[in-house]
Amino acid sequence: MRHTNRPERVVVLALDGVYPFELGMPSRILGAADGRYEVLTCTVDGRPVRTDADFGITVEHGPEVLATAGTVVIAAVSPSLLAPELPDDVAAALALIRPDARIVSICTGAFVLAAAGLLDGRRATTHWRLADHFRRLFPHVDLDPDMLFVHDGRILTSAGAASGVDVCLHLVREDHGSELANTVARRCVVPPFRDGGQAQYIEQPVPEQGAASTAATRAWALEHLDEPLALADLAAHARMSLRTFVRRFNEEVGLSPGRWLTLQRVARARHLLESSDLSVDQIAGRVGFATGTSLRQHLHAAIGVSPQTYRRTFQTAAR
């Protein structure tokens with residue numbers, strides 16, 4: 001929990017060939033967090049850089065501000081500029097980052113971190129279309145192309161384009177709790193948490209005309225999380241066979257129905273731990289876990305802490 005009276009300084013590094021959309025994400029999302037973050041943009045030499053669009057950008061800062069950042073974001077760059085080794089000026093800029101700073105990559109920014117050796121032995125992700133290329137270049141990285149973002153220690157990597165929004169909201173949620181993250185999401189008119197992973201965006205054969213969706217059943221399940229929802233119940237609501245429902249659900253969400261339900265229950269439990277004084281057993285009942293012990297196990301598996309520790313950390317910050 002990074003909860004101080006001063007805003008945290010976040011420095012976004014714009015490299016040559018940067019994507020403007022991804023470059024602006026940290027400022028847009030973190031800038032909506034009630035002054036909790038100060039977002040600066042720099043280049044490796046303080047000079048303008050060309051973008052992947054038909055215009056260049058001019059920034060106010062050079063690489064020296066990287067040494068002052070609590071969080072550094074590496075914005076995505078054109079895949080044509082990716083290489084297994086860093087240019088000298090980029091390597092020198094990255095060397096200025098404090099050892100205790102968080103480092104975040106958006107999309108192809110993971111290639112930059114990997115080339116710097118910062119991802120060796122770590123889990124990471126990047127855009128699914130570049131996964132095979134990434135593995136060939138960086139075999140020592142544990143790449144998981146199914147994730148929208150991966151948080152491994154002080155380093156966070158995210159997938160293509162809009163997943164930069166997901167990882168920025170995750171930073172707000174981690175630093176200041178779900179209430180502020182949800183507020184930021186509403187202000188930016190984006191979902192506070194997206195279901196599933198990249199699997200739902202990978203090119204798939206076009207569904208047969210008239211093929212049913214599981215969306216209505218997912219919405220129904222969220223309204224009945226306190227009930228013991230079985231796979232057969234979900235398939236029956238969707239009016240599909242079990243086999244068809246599971247296949248369609250995986251195609252649309254990128255997760256199995258059971259895994260998705262568990263994640264939704266954990267997310268609802270986290271919200272109640274932050275916003276209510278209900279006991280762990282009461283919260284477990286409201287979100288569909290059989291016992292408080294089951295809730296403790298699932299919460300620890302998801303975020304590595306007990307309900308009591310989570311409540312002390314995030315409820316205090318929210319209040």
# chains A, B, ... in the order shown; residues from 1 in each chain; ligands from 1

$ residues_around --residues "Ala185 of chain A" --least-positions-apart "4" --cutoff "12 Å" --atoms "only C-alpha atoms" --output "list in words"
Arg28, Ile29, Leu30, Gly31, Ala32, Ala33, Val165, Asp166, Val167, Cys168, Leu169, His170, Val172, Arg173, Ser178, Glu179, Leu180, Ala181, Val189, Val190, Pro191, Pro192, Phe193 and Arg194 of chain A

$ residues_around --residues "segment 116-133 of chain A" --least-positions-apart "2" --cutoff "7 Å" --atoms "only C-alpha atoms" --output "ChimeraX atom specification"
/A:86,91,107-108,110,112-114,135-137,140-145,147,149-150,152,157-160,198

$ write_last_selection --atoms "C-alpha atoms" --output "compact mmCIF listing (two decimals), in the first residue's frame"
# COMPACT_ATOMS: atom_id res chain seq x y z
CA LEU A 86 18.94 -2.07 -26.21
CA ALA A 91 20.10 1.32 -21.57
CA CYS A 107 2.21 -3.94 -24.75
CA THR A 108 5.56 -4.09 -26.58
CA ALA A 110 7.84 -5.70 -22.31
CA VAL A 112 12.36 -3.27 -23.69
CA LEU A 113 12.32 -4.63 -20.15
CA ALA A 114 13.33 -8.08 -21.34
CA ARG A 135 9.90 -16.33 -26.63
CA ARG A 136 12.51 -16.71 -29.37
CA LEU A 137 14.28 -13.54 -28.27
CA HIS A 140 14.59 -16.92 -19.90
CA VAL A 141 11.32 -15.06 -19.36
CA ASP A 142 8.24 -16.99 -18.20
CA LEU A 143 5.83 -15.52 -20.75
CA ASP A 144 2.09 -15.94 -20.24
CA PRO A 145 0.31 -14.55 -23.32
CA MET A 147 -3.03 -12.58 -19.28
CA PHE A 149 -1.43 -8.04 -17.22
CA VAL A 150 1.03 -9.79 -14.90
CA ASP A 152 5.50 -10.05 -10.50
CA THR A 157 3.73 -6.11 -17.73
CA SER A 158 0.54 -5.68 -19.72
CA ALA A 159 -0.79 -6.93 -23.03
CA GLY A 160 -1.89 -4.98 -26.09
CA GLN A 198 -6.19 -12.25 -23.95

$ residues_around --residues "Val18 of chain A" --least-positions-apart "4" --cutoff "10 Å" --atoms "only C-alpha atoms" --output "list in words"
Leu13, Ala14, Glu22, Leu23, Val49, Arg50, Thr51, Asp52, Ala53, Gly56, Ile57, Ile74, Ala75, Ala76, Val77, Ser78, Pro79, Leu81, Thr108 and Gly109 of chain A

$ closest_residue --among "A:Ile303, A:Ala215, A:Val253, A:Val246" --to "Ala267 of chain A" --atoms "only C-alpha atoms"
A:Ile303

$ residues_around --residues "Thr291 of chain A" --least-positions-apart "4" --cutoff "9 Å" --atoms "only C-alpha atoms" --output "PDB file with C-alpha atoms, in the first residue's frame"
ATOM      1  CA  VAL A 280     -15.309 -13.032   7.283  1.00  0.00           C
ATOM      2  CA  ASP A 281     -17.930 -15.764   7.630  1.00  0.00           C
ATOM      3  CA  GLN A 282     -20.731 -13.330   6.730  1.00  0.00           C
ATOM      4  CA  ALA A 284     -18.145 -15.708   2.622  1.00  0.00           C
ATOM      5  CA  GLY A 285     -21.868 -16.411   2.669  1.00  0.00           C
ATOM      6  CA  LEU A 295     -12.767 -17.484   1.466  1.00  0.00           C
ATOM      7  CA  ARG A 296      -9.415 -17.237   3.255  1.00  0.00           C
TER       8      ARG A 296
END

$ closest_residue --among "A:Ala162, A:Ala95, A:Ala230, A:Leu278" --to "Val72 of chain A" --atoms "only C-alpha atoms"
A:Ala95

$ residues_around --residues "Val59 of chain A" --least-positions-apart "3" --cutoff "7 Å" --atoms "only C-alpha atoms" --output "MDAnalysis selection string"
chainID A and resid 41:42 46 48

$ write_last_selection --atoms "C-alpha atoms" --output "PDB file, in the first residue's frame"
ATOM      1  CA  THR A  41       6.747  12.210 -19.546  1.00  0.00           C
ATOM      2  CA  CYS A  42      10.373  11.999 -20.649  1.00  0.00           C
ATOM      3  CA  GLY A  46      14.921  15.241 -23.607  1.00  0.00           C
ATOM      4  CA  PRO A  48      11.311  15.115 -29.392  1.00  0.00           C
TER       5      PRO A  48
END

$ select_by_dssp --residues "segment 89-269 of chain A" --states "strand (DSSP E)" --output "PyMOL selection string"
chain A and resi 102-105+123-124+142-143+149-152+155-158

$ write_last_selection --atoms "C-alpha atoms" --output "compact mmCIF listing (two decimals), in the first residue's frame"
# COMPACT_ATOMS: atom_id res chain seq x y z
CA ARG A 102 7.91 -0.10 -9.70
CA ILE A 103 8.32 -0.64 -13.42
CA VAL A 104 5.33 -1.07 -15.73
CA SER A 105 5.32 -1.95 -19.43
CA ARG A 123 6.42 -14.07 -15.26
CA ALA A 124 5.42 -11.52 -17.86
CA ASP A 142 8.24 -16.99 -18.20
CA LEU A 143 5.83 -15.52 -20.75
CA PHE A 149 -1.43 -8.04 -17.22
CA VAL A 150 1.03 -9.79 -14.90
CA HIS A 151 2.21 -8.43 -11.56
CA ASP A 152 5.50 -10.05 -10.50
CA ILE A 155 7.49 -5.27 -12.24
CA LEU A 156 4.17 -5.26 -14.06
CA THR A 157 3.73 -6.11 -17.73
CA SER A 158 0.54 -5.68 -19.72

$ atom_distance --atom1 "atom CA of Glu85 of chain A" --atom2 "atom CA of Ala115 of chain A"
5.2 Å

$ closest_residue --among "A:Glu38, A:Glu251, A:Asp226, A:Asp89" --to "Pro63 of chain A" --atoms "only C-alpha atoms"
A:Asp89

$ closest_residue --among "A:Ile106, A:Ala101, A:Leu234, A:Leu40" --to "Phe21 of chain A" --atoms "only C-alpha atoms"
A:Ile106

$ residues_around --residues "segment 219-225 of chain A" --least-positions-apart "4" --cutoff "10 Å" --atoms "only C-alpha atoms" --output "list of chain:residue names"
A:Thr214, A:Ala215, A:Leu229, A:Asp233, A:Leu234, A:His237, A:Ala238, A:Leu261, A:Thr262, A:Gln264, A:Arg265, A:Arg268, A:Gly285, A:Arg286, A:Val287, A:Gly288, A:Phe289

$ write_last_selection --atoms "C-alpha atoms" --output "CSV table (one decimal), in the first residue's frame"
chain,number,residue,atom,x,y,z
A,214,THR,CA,-23.0,-16.5,-22.5
A,215,ALA,CA,-23.1,-12.8,-21.6
A,229,LEU,CA,-24.0,-22.1,-8.7
A,233,ASP,CA,-27.2,-24.3,-13.5
A,234,LEU,CA,-25.2,-21.9,-15.7
A,237,HIS,CA,-29.7,-20.6,-17.8
A,238,ALA,CA,-27.9,-20.2,-21.1
A,261,LEU,CA,-16.9,-17.6,-10.8
A,262,THR,CA,-14.1,-17.8,-8.2
A,264,GLN,CA,-15.9,-12.8,-9.3
A,265,ARG,CA,-16.5,-14.0,-5.7
A,268,ARG,CA,-16.9,-9.1,-4.4
A,285,GLY,CA,-21.9,-16.4,2.7
A,286,ARG,CA,-22.7,-13.3,0.7
A,287,VAL,CA,-20.3,-14.1,-2.1
A,288,GLY,CA,-21.0,-17.8,-2.4
A,289,PHE,CA,-18.0,-19.5,-0.5

$ closest_residue --among "A:Met240, A:Ala161, A:Val73, A:Ala83" --to "Phe134 of chain A" --atoms "only C-alpha atoms"
A:Ala83

$ select_by_dssp --residues "segment 16-112 of chain A" --states "alpha helix (DSSP H)" --output "PDB file with C-alpha atoms, in the first residue's frame"
ATOM      1  CA  PRO A  20       0.488   7.829 -28.840  1.00  0.00           C
ATOM      2  CA  PHE A  21      -2.566   5.991 -27.464  1.00  0.00           C
ATOM      3  CA  GLU A  22      -0.561   3.947 -24.989  1.00  0.00           C
ATOM      4  CA  LEU A  23       1.687   6.887 -24.145  1.00  0.00           C
ATOM      5  CA  GLY A  24      -1.268   8.909 -22.891  1.00  0.00           C
ATOM      6  CA  MET A  25      -2.864   6.172 -20.780  1.00  0.00           C
ATOM      7  CA  PRO A  26      -0.974   6.695 -17.495  1.00  0.00           C
ATOM      8  CA  SER A  27      -1.692  10.413 -17.470  1.00  0.00           C
ATOM      9  CA  ARG A  28      -5.367   9.890 -18.302  1.00  0.00           C
ATOM     10  CA  ILE A  29      -6.056   7.097 -15.793  1.00  0.00           C
ATOM     11  CA  LEU A  30      -3.735   8.020 -12.939  1.00  0.00           C
ATOM     12  CA  ASP A  88      23.067   2.589 -25.573  1.00  0.00           C
ATOM     13  CA  ASP A  89      20.952   5.657 -24.801  1.00  0.00           C
ATOM     14  CA  VAL A  90      17.952   3.557 -23.782  1.00  0.00           C
ATOM     15  CA  ALA A  91      20.100   1.322 -21.567  1.00  0.00           C
ATOM     16  CA  ALA A  92      21.629   4.400 -19.926  1.00  0.00           C
ATOM     17  CA  ALA A  93      18.183   5.865 -19.260  1.00  0.00           C
ATOM     18  CA  LEU A  94      16.886   2.649 -17.690  1.00  0.00           C
ATOM     19  CA  GLY A 109       7.223  -2.214 -23.746  1.00  0.00           C
ATOM     20  CA  ALA A 110       7.841  -5.702 -22.309  1.00  0.00           C
ATOM     21  CA  PHE A 111      10.436  -6.255 -25.043  1.00  0.00           C
ATOM     22  CA  VAL A 112      12.357  -3.265 -23.693  1.00  0.00           C
TER      23      VAL A 112
END

$ closest_residue --among "A:Arg154, A:Ala302, A:Thr293, A:Glu227" --to "Arg259 of chain A" --atoms "only C-alpha atoms"
A:Ala302
